[in-house]
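Structure file my_file-v3.txt with compact mmCIF, C-alpha atoms:
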# COMPACT_ATOMS: atom_id res chain seq x y z
CA ARG A 22 91.66 -118.85 20.92
CA GLU A 23 88.40 -118.73 22.82
CA ARG A 24 84.76 -118.90 21.74
CA ARG A 25 82.11 -117.54 24.12
CA MET A 26 78.35 -117.32 24.29
CA SER A 27 76.65 -113.95 24.65
CA THR A 28 73.09 -112.75 25.06
CA ALA A 29 73.89 -109.58 23.06
CA PHE A 30 75.68 -111.24 20.12
CA ARG A 31 75.29 -114.35 18.03
CA SER A 32 79.01 -115.13 17.86
CA ILE A 33 82.09 -114.07 19.85
CA GLN A 34 85.61 -115.32 19.26
CA SER A 35 88.67 -113.93 21.07
CA LEU A 36 92.38 -114.28 20.41
CA SER A 37 95.32 -113.15 22.56
CA LEU A 38 97.74 -111.02 20.56
CA HIS A 39 101.51 -111.00 20.67
CA GLN A 40 102.91 -107.90 22.36
CA PRO A 41 106.52 -107.45 21.28
CA PRO A 42 108.87 -105.34 23.41
CA LEU A 43 108.36 -101.69 22.52
CA PRO A 44 112.04 -101.12 21.52
CA ASN A 45 111.74 -104.00 19.05
CA LEU A 46 108.52 -102.59 17.58
CA GLN A 47 110.10 -99.14 17.49
CA ASP A 48 113.00 -100.41 15.35
CA LEU A 49 110.73 -102.36 13.02
CA LEU A 50 108.44 -99.39 12.42
CA ARG A 51 111.35 -97.07 11.77
CA LYS A 52 112.87 -99.43 9.19
CA LYS A 53 109.58 -99.69 7.33
CA LEU A 54 108.74 -95.98 7.42
CA VAL A 55 112.14 -94.73 6.21
CA GLU A 56 111.50 -96.66 3.00
CA ASN A 57 108.65 -94.26 2.20
CA PHE A 58 109.35 -90.98 4.03
CA SER A 59 112.34 -88.65 3.95
CA GLU A 60 112.04 -87.72 7.64
CA VAL A 61 111.01 -90.27 10.28
CA VAL A 62 110.94 -90.19 14.08
CA VAL A 63 109.76 -93.23 16.04
CA GLU A 64 110.10 -93.10 19.80
CA ILE A 65 108.71 -94.58 23.01
CA VAL A 66 107.06 -91.92 25.15
CA GLU A 67 104.60 -91.48 27.98
CA CYS A 68 101.30 -90.70 26.31
CA PRO A 69 100.56 -86.97 26.50
CA ASP A 70 97.21 -85.77 27.79
CA LEU A 71 95.06 -86.33 24.72
CA LYS A 72 92.31 -84.15 26.14
CA GLN A 73 94.50 -81.18 25.29
CA ASP A 74 95.15 -79.37 22.00
CA PRO A 75 95.35 -80.51 19.23
CA TRP A 76 93.64 -83.81 20.03
CA HIS A 77 90.69 -82.85 22.27
CA LEU A 78 89.73 -86.47 22.98
CA PRO A 79 87.28 -87.47 25.74
CA SER A 80 90.08 -89.57 27.27
CA SER A 81 93.53 -88.63 28.56
CA GLY A 82 95.29 -91.65 27.07
CA LEU A 83 95.07 -94.74 24.89
CA GLY A 84 95.00 -97.00 27.92
CA ASN A 85 96.96 -99.43 30.05
CA LEU A 86 94.46 -102.07 28.98
CA CYS A 87 93.91 -101.94 25.21
CA ARG A 88 91.86 -104.48 23.26
CA VAL A 89 90.47 -104.64 19.72
CA ALA A 90 86.90 -105.46 18.73
CA ASP A 91 86.20 -106.35 15.09
CA VAL A 92 82.44 -106.03 14.84
CA GLY A 93 80.15 -107.12 11.99
CA GLY A 94 81.58 -106.58 8.53
CA VAL A 95 81.13 -105.09 5.06
CA ASP A 96 78.58 -107.74 4.13
CA ASN A 97 76.17 -106.10 6.55
CA LEU A 98 76.34 -103.08 4.23
CA HIS A 99 76.48 -104.95 0.92
CA TYR A 100 73.55 -107.35 1.42
CA VAL A 101 70.04 -105.92 1.74
CA GLU A 102 68.95 -108.52 4.30
CA ASN A 103 71.67 -107.29 6.70
CA HIS A 104 71.21 -103.52 6.33
CA ARG A 105 69.56 -102.91 9.70
CA ARG A 106 72.11 -104.82 11.76
CA SER A 107 73.41 -102.64 14.59
CA PHE A 108 75.38 -102.90 17.83
CA GLN A 109 75.71 -100.99 21.10
CA MET A 110 79.08 -99.68 22.30
CA GLU A 111 78.18 -100.71 25.86
CA ASP A 112 77.63 -104.34 24.80
CA ILE A 113 80.86 -104.39 22.79
CA ALA A 114 82.89 -102.98 25.70
CA SER A 115 81.42 -105.52 28.12
CA SER A 116 82.13 -108.37 25.72
CA VAL A 117 85.88 -107.60 25.75
CA GLY A 118 85.99 -107.16 29.54
CA ILE A 119 86.24 -103.36 29.88
CA PRO A 120 82.66 -102.21 30.55
CA ASN A 121 83.50 -98.55 31.35
CA ALA A 122 85.75 -98.20 28.34
CA TYR A 123 87.08 -95.47 26.13
CA ILE A 124 86.08 -96.53 22.59
CA MET A 125 87.75 -95.20 19.47
CA GLY A 126 87.81 -96.35 15.88
CA PRO A 127 86.28 -96.43 12.39
CA GLY A 128 82.87 -97.86 11.64
CA ALA A 129 79.43 -97.32 10.16
CA TRP A 130 76.28 -95.74 11.59
CA MET A 131 72.74 -94.89 10.55
CA LYS A 132 71.48 -91.31 10.90
CA ASP A 133 67.68 -91.42 10.77
CA GLY A 134 68.00 -94.67 8.84
CA GLN A 135 70.60 -93.38 6.37
CA LEU A 136 73.95 -95.12 6.18
CA THR A 137 76.96 -93.02 7.24
CA GLU A 138 80.64 -93.28 7.98
CA LEU A 139 81.44 -93.22 11.71
CA VAL A 140 84.40 -92.07 13.78
CA ALA A 141 83.68 -93.60 17.19
CA ASN A 142 85.20 -91.50 19.99
CA CYS A 143 83.32 -92.14 23.22
CA ASN A 144 84.20 -92.40 26.92
CA LEU A 145 81.55 -94.63 28.51
CA LYS A 146 82.82 -93.96 32.03
CA SER A 147 82.53 -90.16 31.83
CA THR A 148 79.69 -90.32 29.23
CA GLU A 149 81.62 -87.85 27.04
CA ASN A 150 80.86 -88.66 23.41
CA ASP A 151 82.76 -86.85 20.65
CA SER A 152 81.90 -89.33 17.88
CA ARG A 153 81.30 -88.00 14.35
CA TYR A 154 79.29 -89.23 11.41
CA ILE A 155 79.74 -88.29 7.76
CA LEU A 156 76.99 -88.77 5.18
CA VAL A 157 76.33 -88.03 1.54
CA GLN A 158 73.59 -85.44 1.01
CA ASP A 159 71.01 -85.44 -1.76
CA ASP A 160 73.12 -82.91 -3.72
CA GLY A 161 76.14 -85.25 -3.66
CA ASN A 162 78.15 -83.23 -1.16
CA TYR A 163 79.25 -84.72 2.15
CA HIS A 164 78.27 -83.46 5.59
CA MET A 165 79.93 -84.18 8.96
CA ALA A 166 78.35 -83.71 12.38
CA LYS A 167 78.68 -84.96 15.95
CA SER A 168 76.85 -88.10 17.02
CA GLU A 169 75.62 -88.42 20.59
CA SER A 170 74.56 -92.02 20.06
CA THR A 171 76.39 -95.09 21.39
CA LYS A 172 74.90 -97.21 18.62
CA ILE A 173 77.05 -98.56 15.79
CA GLY A 174 75.85 -99.77 12.41
CA GLY A 175 76.80 -102.95 10.59
CA LEU A 176 80.58 -102.78 11.03
CA ALA A 177 83.28 -101.29 13.24
CA ASN A 178 86.93 -101.81 14.10
CA LEU A 179 87.38 -100.48 17.59
CA MET A 180 90.01 -99.84 20.21
CA ILE A 181 88.48 -100.66 23.59
CA SER A 182 90.64 -99.35 26.45
CA ASP A 183 90.59 -98.06 30.01
CA GLY A 184 91.67 -94.65 28.68
CA GLU A 185 94.64 -94.29 31.02
CA GLN A 186 97.96 -92.75 30.06
CA SER A 187 100.81 -95.22 29.53
CA HIS A 188 103.84 -95.78 27.33
CA VAL A 189 103.03 -95.53 23.63
CA ILE A 190 104.80 -95.32 20.29
CA ARG A 191 105.01 -91.81 18.87
CA ILE A 192 105.51 -91.58 15.12
CA LYS A 193 106.30 -88.45 13.14
CA CYS A 194 106.91 -88.51 9.38
CA ARG A 195 107.34 -85.89 6.71
CA THR A 196 107.60 -85.87 2.89
CA ARG A 197 106.44 -89.17 1.43
CA THR A 198 108.93 -90.60 -1.07
CA GLY A 199 107.30 -93.99 -1.67
CA SER A 200 103.90 -95.17 -2.88
CA GLU A 201 102.58 -96.72 0.35
CA ASN A 202 100.06 -94.94 2.59
CA PHE A 203 100.94 -94.18 6.21
CA PRO A 204 98.70 -96.62 8.13
CA GLY A 205 99.27 -99.26 5.47
CA LEU A 206 103.02 -99.10 6.11
CA ILE A 207 102.47 -99.56 9.83
CA GLN A 208 100.21 -102.57 9.19
CA LYS A 209 102.82 -104.12 6.90
CA ALA A 210 105.45 -103.68 9.60
CA LEU A 211 103.22 -105.56 12.05
CA GLY A 212 102.90 -108.32 9.46
CA GLU A 213 106.62 -109.04 9.70
CA TYR A 214 106.03 -110.72 13.06
CA GLU A 215 105.25 -114.43 12.87
CA GLN A 216 102.65 -113.96 15.61
CA VAL A 217 99.53 -111.81 15.30
CA VAL A 218 100.11 -108.22 16.51
CA GLY A 219 97.51 -105.45 16.86
CA LEU A 220 98.09 -101.72 17.09
CA CYS A 221 95.56 -98.94 17.69
CA GLY A 222 96.22 -95.26 17.33
CA ILE A 223 95.33 -91.72 16.51
CA PHE A 224 97.28 -89.50 14.14
CA ARG A 225 97.06 -86.13 12.45
CA MET A 226 97.79 -85.46 8.80
CA THR A 227 98.69 -81.87 7.96
CA ASN A 228 99.87 -79.87 4.96
CA ALA A 229 98.29 -82.25 2.45
CA ALA A 230 95.23 -83.31 0.51
CA VAL A 231 93.73 -86.75 1.09
CA HIS A 232 91.86 -89.18 -1.14
CA ALA A 233 88.79 -90.33 0.78
CA HIS A 234 85.40 -91.90 0.36
CA VAL A 235 82.05 -91.49 2.07
CA MET A 236 79.40 -94.18 1.80
CA PRO A 237 76.06 -93.01 0.40
CA ASP A 238 72.81 -94.53 1.63
CA PHE A 239 72.27 -98.27 1.32
CA SER A 240 72.01 -99.80 -2.13
CA GLU A 241 68.57 -101.16 -2.97
CA THR A 242 70.15 -104.35 -4.34
CA ASP A 243 72.92 -106.67 -3.11
CA MET A 244 76.45 -105.63 -4.07
CA LEU A 245 78.41 -108.74 -5.01
CA ASP A 246 81.70 -107.48 -6.47
CA VAL A 247 84.29 -104.72 -6.29
CA PRO A 248 83.19 -102.76 -9.41
CA THR A 249 79.65 -102.51 -8.01
CA VAL A 250 80.90 -101.29 -4.64
CA ASP A 251 83.30 -98.77 -6.24
CA LYS A 252 80.46 -97.38 -8.36
CA TRP A 253 78.31 -97.03 -5.23
CA LEU A 254 80.94 -95.29 -3.08
CA ARG A 255 81.46 -91.54 -3.33
CA PHE A 256 85.10 -90.43 -3.60
CA TYR A 257 86.35 -86.96 -2.68
CA GLU A 258 89.53 -84.94 -2.32
CA MET A 259 89.66 -83.49 1.19
CA HIS A 260 92.28 -81.45 3.02
CA GLY A 261 94.25 -81.41 6.24
CA PRO A 262 94.59 -80.88 9.03
CA ILE A 263 92.62 -84.04 9.75
CA THR A 264 92.56 -86.34 12.78
CA CYS A 265 92.58 -90.06 11.95
CA VAL A 266 91.73 -93.14 14.03
CA SER A 267 93.29 -96.46 12.99
CA VAL A 268 92.94 -100.08 14.04
CA LEU A 269 95.62 -102.33 12.52
CA ILE A 270 96.19 -106.11 12.67
CA GLY A 271 99.42 -107.62 11.35
CA ARG A 272 98.10 -110.76 9.67
CA ALA A 273 95.00 -112.79 8.92
CA VAL A 274 93.79 -115.51 11.28
CA ASP A 275 92.01 -118.55 9.84
CA GLY A 276 88.36 -118.62 10.78
CA MET A 277 88.19 -115.09 12.22
CA ASP A 278 87.70 -112.98 9.07
CA LEU A 279 89.59 -110.02 10.56
CA ARG A 280 89.90 -106.66 8.86
CA LEU A 281 93.61 -105.84 8.91
CA SER A 282 93.61 -102.08 8.35
CA HIS A 283 90.86 -99.51 8.79
CA THR A 284 91.19 -95.73 9.16
CA HIS A 285 88.57 -92.98 9.37
CA PHE A 286 89.07 -89.28 10.00
CA TYR A 287 87.40 -86.05 11.01
CA SER A 288 88.37 -82.38 11.16
CA SER A 289 87.38 -79.00 12.54
CA HIS A 290 86.57 -77.69 9.04
CA GLY A 291 83.97 -80.27 8.01
CA ASP A 292 86.08 -82.84 6.15
CA GLY A 293 85.75 -86.46 7.23
CA GLY A 294 85.38 -89.99 5.94
CA HIS A 295 87.35 -93.11 5.11
CA TYR A 296 91.08 -92.45 4.61
CA HIS A 297 92.75 -93.95 1.53
CA TYR A 298 96.01 -92.01 1.03
CA ASP A 299 97.49 -88.53 0.93
CA LYS A 300 97.72 -86.84 -2.48
CA THR A 301 100.51 -84.30 -1.91
CA PRO A 302 103.57 -86.32 -0.90
CA ASP A 303 106.04 -83.43 -1.05
CA THR A 304 104.34 -81.49 1.72
CA VAL A 305 102.54 -84.10 3.85
CA GLU A 306 103.27 -84.47 7.57
CA TYR A 307 102.02 -87.14 9.97
CA GLU A 308 102.20 -87.32 13.74
CA GLY A 309 100.47 -89.82 15.99
CA TYR A 310 100.43 -92.10 19.02
CA PHE A 311 99.93 -95.86 18.90
CA LYS A 312 99.25 -98.53 21.52
CA LEU A 313 99.73 -102.30 21.33
CA ALA A 314 96.54 -104.31 21.82
CA GLU A 315 96.53 -107.39 24.02
CA SER A 316 93.64 -109.19 22.32
CA VAL A 317 91.19 -109.09 19.42
CA THR A 318 87.55 -110.10 19.76
CA ARG A 319 85.58 -110.98 16.63
CA ILE A 320 81.90 -110.20 17.10
CA ASP A 321 79.10 -111.39 14.80
CA PRO A 322 80.78 -111.79 11.40
CA PRO A 323 78.03 -111.53 8.77
CA GLY A 324 78.60 -114.92 7.17
CA HIS A 325 78.49 -113.85 3.51
CA ALA A 326 81.29 -113.68 0.93
CA PRO A 327 84.32 -115.31 2.60
CA ASP A 328 86.60 -113.41 0.18
CA ARG A 329 85.57 -110.03 1.60
CA THR A 330 89.28 -108.99 1.76
CA GLN A 331 88.87 -108.18 -1.95
CA PHE A 332 87.17 -104.96 -0.89
CA PHE A 333 90.18 -103.68 1.12
CA LYS A 334 92.93 -103.60 -1.51
CA LYS A 335 92.81 -99.84 -2.15
For the structure just supplied, provide its representation as structure tokens.
Amino acid sequence: RERRMSTAFRSIQSLSLHQPPLPNLQDLLRKKLVENFSEVVVEIVECPDLKQDPWHLPSSGLGNLCRVADVGGVDNLHYVENHRRSFQMEDIASSVGIPNAYIMGPGAWMKDGQLTELVANCNLKSTENDSRYILVQDDGNYHMAKSESTKIGGLANLMISDGEQSHVIRIKCRTRTGSENFPGLIQKALGEYEQVVGLCGIFRMTNAAVHAHVMPDFSETDMLDVPTVDKWLRFYEMHGPITCVSVLIGRAVDGMDLRLSHTHFYSSHGDGGHYHYDKTPDTVEYEGYFKLAESVTRIDPPGHAPDRTQFFKK
């Protein structure tokens, strides 16, 4: 583990992650997924060109180099004194050693000062930015739009990569028979390793409804417990096809306050937000590509509420 000083951030801590052989990870994922889906395919493939249909990413691949940045945290959103904390994608990419990176992952943003969900999806090298934000409007409905900004709000869990094509894990599942959600199952599989393993990916959910939330604007008072946060959040039923970005870490690390599972999504029909689980198990289908991360860098944890994992149990 390494601690470093930075002019852009108050605190940086990096940890090298275990990278198991892909055939071993392939077997472990398959064993976990067949417990919850009737049809499962897990295979090692050369990453397809993700600029093409149906992905339309600003990068061809998930990278040869792939690193995770865990930036800020929920306490930047829950405590009034932290509400205006923000970060730049360029600074985050430089801090993990890939300055011209492809950046993808879930986070928060502020649109004209209003808090929003964020799906970061930006190629710093080509300057192509296909990021999306989702906000709650005054009438209570949600609205999704593209963001051309490289600024991030008070939290993000990001894949930072060189965007090249390389070998990845392809997962395809159909008909959920168990109670676990798709990215949650993958995270639990990673947790079976004694060492810390990180996996980043993009997947599509089709033929199903999804339970999701969108954060409204900041609360005017501090939010100190789960019931307060749940009352503040806005929950919706949305529908596929949706494209989801996930950053997953297998286990907690003392002193790093890592978020272990975080998934946001967007779509071509206006649905987007924070993914919780699909609601139509008999018809749901998932397909995605996942890349092992070589390190995780913890940037500027807020410093409040050490038991913040209580907010991630849903």
What is the CA of Val274 (chain A) to CA of Asp91 (chain A) distance in Å?
12.5 Å
Once you count only C-alpha atoms, what closest atom pair and distance in Å to one decimal does each residue of region 244-312 of chain A within 7 Å of region 138-145 of chain A have, with rows by chain and rising residue number, as a Markdown table?
| residue | atom | partner | partner_atom | distance |
| --- | --- | --- | --- | --- |
| A:His285 | CA | A:Val140 | CA | 6.1 |
| A:Phe286 | CA | A:Val140 | CA | 6.6 |
| A:Gly294 | CA | A:Glu138 | CA | 6.1 |
Using only C-alpha atoms, which residue out of A:Glu149, A:Glu102, A:Asp159, A:Asp292 lies closest to Met244 (chain A)?
A:Glu102
What is the distance, in Å and to one decimal place, between CA of Leu220 (chain A) and CA of Arg255 (chain A)?
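Those two atoms sit 28.2 Å apart.
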7 Å contact set for Glu60 (chain A), all atoms listed in the file, chain neighbours under 4 positions out, as a list of chain:residue names
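The contact residues come out as A:Cys194, A:Arg195, A:Thr196.
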Point (107.0, -101.0, 20.9), cut-off 10 Å, counting only C-alpha atoms, residues as a list in words:
Gln40, Pro41, Pro42, Leu43, Pro44, Asn45, Leu46, Gln47, Asp48, Leu49, Leu50, Val63, Glu64, Ile65, His188, Val189, Ile190, Arg191, Leu220, Phe311, Lys312 and Leu313 of chain A
Tell me, in Å to one decimal, how far CA of Gly271 (chain A) is from CA of Arg225 (chain A).
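About the pair CA of Gly271 (chain A) and CA of Arg225 (chain A): they are 21.6 Å apart.
The residue that comes closest to Pro120 (chain A), out of A:Lys146, A:His290, A:His232, A:His99 and on the basis of only C-alpha atoms, is A:Lys146.
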Rank nothing, just name the residue among A:Thr304, A:Thr171, A:Ser187, A:Thr242 nearest to Met226 (chain A), using all atoms listed in the file.
A:Thr304
Counting all atoms listed in the file, the residue of A:Ser81, A:Ser115, A:Gln109, A:Ser267 that sits nearest Ile223 (chain A):
A:Ser267
Need the shell around Met180 (chain A): protein/DNA/RNA residues with any atom at most 10 Å away, counting only C-alpha atoms. Skip same-chain ones fewer than 4 positions apart. Format as number ranges by chain?
A: 83-84, 87-91, 114, 122-127, 141-142, 219-222, 266-269, 312, 314, 317
Excluding Ala166 (chain A) and any residue of its chain fewer than 5 positions from it, enumerate the residues within 8 Å of it, using only C-alpha atoms, and give them as a PDB file with C-alpha atoms, in the frame of the given file.
ATOM      1  CA  ARG A 153      81.300 -88.000  14.350  1.00  0.00           C
ATOM      2  CA  TYR A 154      79.290 -89.230  11.410  1.00  0.00           C
ATOM      3  CA  ILE A 155      79.740 -88.290   7.760  1.00  0.00           C
ATOM      4  CA  GLY A 291      83.970 -80.270   8.010  1.00  0.00           C
TER       5      GLY A 291
END
Which of A:Val61, A:Ile192, A:Met131, A:Val101 sits closest to Gly309 (chain A) [using all atoms listed in the file]:
A:Ile192
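Proximity to Val231 (chain A) at 7 Å, evaluated using only C-alpha atoms and with sequence-adjacent residues fewer than 2 positions away removed, yields A:Ala229, A:Ala233, A:Glu258, A:Met259, A:His260, A:Tyr298, A:Asp299, A:Lys300.
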Output requested as an mmCIF file, in the frame of the given file - region 122-136 of chain A, filled out with N, CA, C and O atoms.
data_model
loop_
_atom_site.group_PDB
_atom_site.id
_atom_site.type_symbol
_atom_site.label_atom_id
_atom_site.label_comp_id
_atom_site.auth_asym_id
_atom_site.auth_seq_id
_atom_site.Cartn_x
_atom_site.Cartn_y
_atom_site.Cartn_z
ATOM 1 N N ALA A 122 84.598 -98.385 29.216
ATOM 2 C CA ALA A 122 85.750 -98.200 28.340
ATOM 3 C C ALA A 122 85.741 -96.855 27.633
ATOM 4 O O ALA A 122 84.711 -96.190 27.498
ATOM 5 N N TYR A 123 86.938 -96.485 27.168
ATOM 6 C CA TYR A 123 87.080 -95.470 26.130
ATOM 7 C C TYR A 123 87.091 -96.230 24.805
ATOM 8 O O TYR A 123 87.878 -97.169 24.617
ATOM 9 N N ILE A 124 86.243 -95.832 23.869
ATOM 10 C CA ILE A 124 86.080 -96.530 22.590
ATOM 11 C C ILE A 124 86.414 -95.575 21.465
ATOM 12 O O ILE A 124 85.879 -94.466 21.383
ATOM 13 N N MET A 125 87.294 -96.035 20.583
ATOM 14 C CA MET A 125 87.750 -95.200 19.470
ATOM 15 C C MET A 125 87.953 -96.081 18.250
ATOM 16 O O MET A 125 88.492 -97.177 18.364
ATOM 17 N N GLY A 126 87.518 -95.604 17.086
ATOM 18 C CA GLY A 126 87.810 -96.350 15.880
ATOM 19 C C GLY A 126 86.832 -96.077 14.748
ATOM 20 O O GLY A 126 85.824 -95.394 14.915
ATOM 21 N N PRO A 127 87.134 -96.623 13.565
ATOM 22 C CA PRO A 127 86.280 -96.430 12.390
ATOM 23 C C PRO A 127 85.128 -97.417 12.367
ATOM 24 O O PRO A 127 85.224 -98.539 12.857
ATOM 25 N N GLY A 128 84.016 -96.972 11.761
ATOM 26 C CA GLY A 128 82.870 -97.860 11.640
ATOM 27 C C GLY A 128 81.800 -97.260 10.752
ATOM 28 O O GLY A 128 82.048 -96.341 9.961
ATOM 29 N N ALA A 129 80.602 -97.809 10.876
ATOM 30 C CA ALA A 129 79.430 -97.320 10.160
ATOM 31 C C ALA A 129 78.343 -96.976 11.159
ATOM 32 O O ALA A 129 78.339 -97.471 12.292
ATOM 33 N N TRP A 130 77.407 -96.135 10.735
ATOM 34 C CA TRP A 130 76.280 -95.740 11.590
ATOM 35 C C TRP A 130 75.091 -95.444 10.693
ATOM 36 O O TRP A 130 75.224 -95.405 9.455
ATOM 37 N N MET A 131 73.928 -95.290 11.290
ATOM 38 C CA MET A 131 72.740 -94.890 10.550
ATOM 39 C C MET A 131 72.146 -93.645 11.198
ATOM 40 O O MET A 131 71.759 -93.673 12.365
ATOM 41 N N LYS A 132 72.096 -92.558 10.450
ATOM 42 C CA LYS A 132 71.480 -91.310 10.900
ATOM 43 C C LYS A 132 70.067 -91.250 10.337
ATOM 44 O O LYS A 132 69.883 -91.108 9.117
ATOM 45 N N ASP A 133 69.078 -91.390 11.211
ATOM 46 C CA ASP A 133 67.680 -91.420 10.770
ATOM 47 C C ASP A 133 67.472 -92.438 9.659
ATOM 48 O O ASP A 133 66.759 -92.205 8.683
ATOM 49 N N GLY A 134 68.129 -93.584 9.801
ATOM 50 C CA GLY A 134 68.000 -94.670 8.840
ATOM 51 C C GLY A 134 68.943 -94.620 7.668
ATOM 52 O O GLY A 134 69.053 -95.590 6.913
ATOM 53 N N GLN A 135 69.665 -93.500 7.480
ATOM 54 C CA GLN A 135 70.600 -93.380 6.370
ATOM 55 C C GLN A 135 71.985 -93.842 6.771
ATOM 56 O O GLN A 135 72.501 -93.480 7.836
ATOM 57 N N LEU A 136 72.609 -94.615 5.917
ATOM 58 C CA LEU A 136 73.950 -95.120 6.180
ATOM 59 C C LEU A 136 74.971 -93.988 6.194
ATOM 60 O O LEU A 136 74.932 -93.090 5.343
#
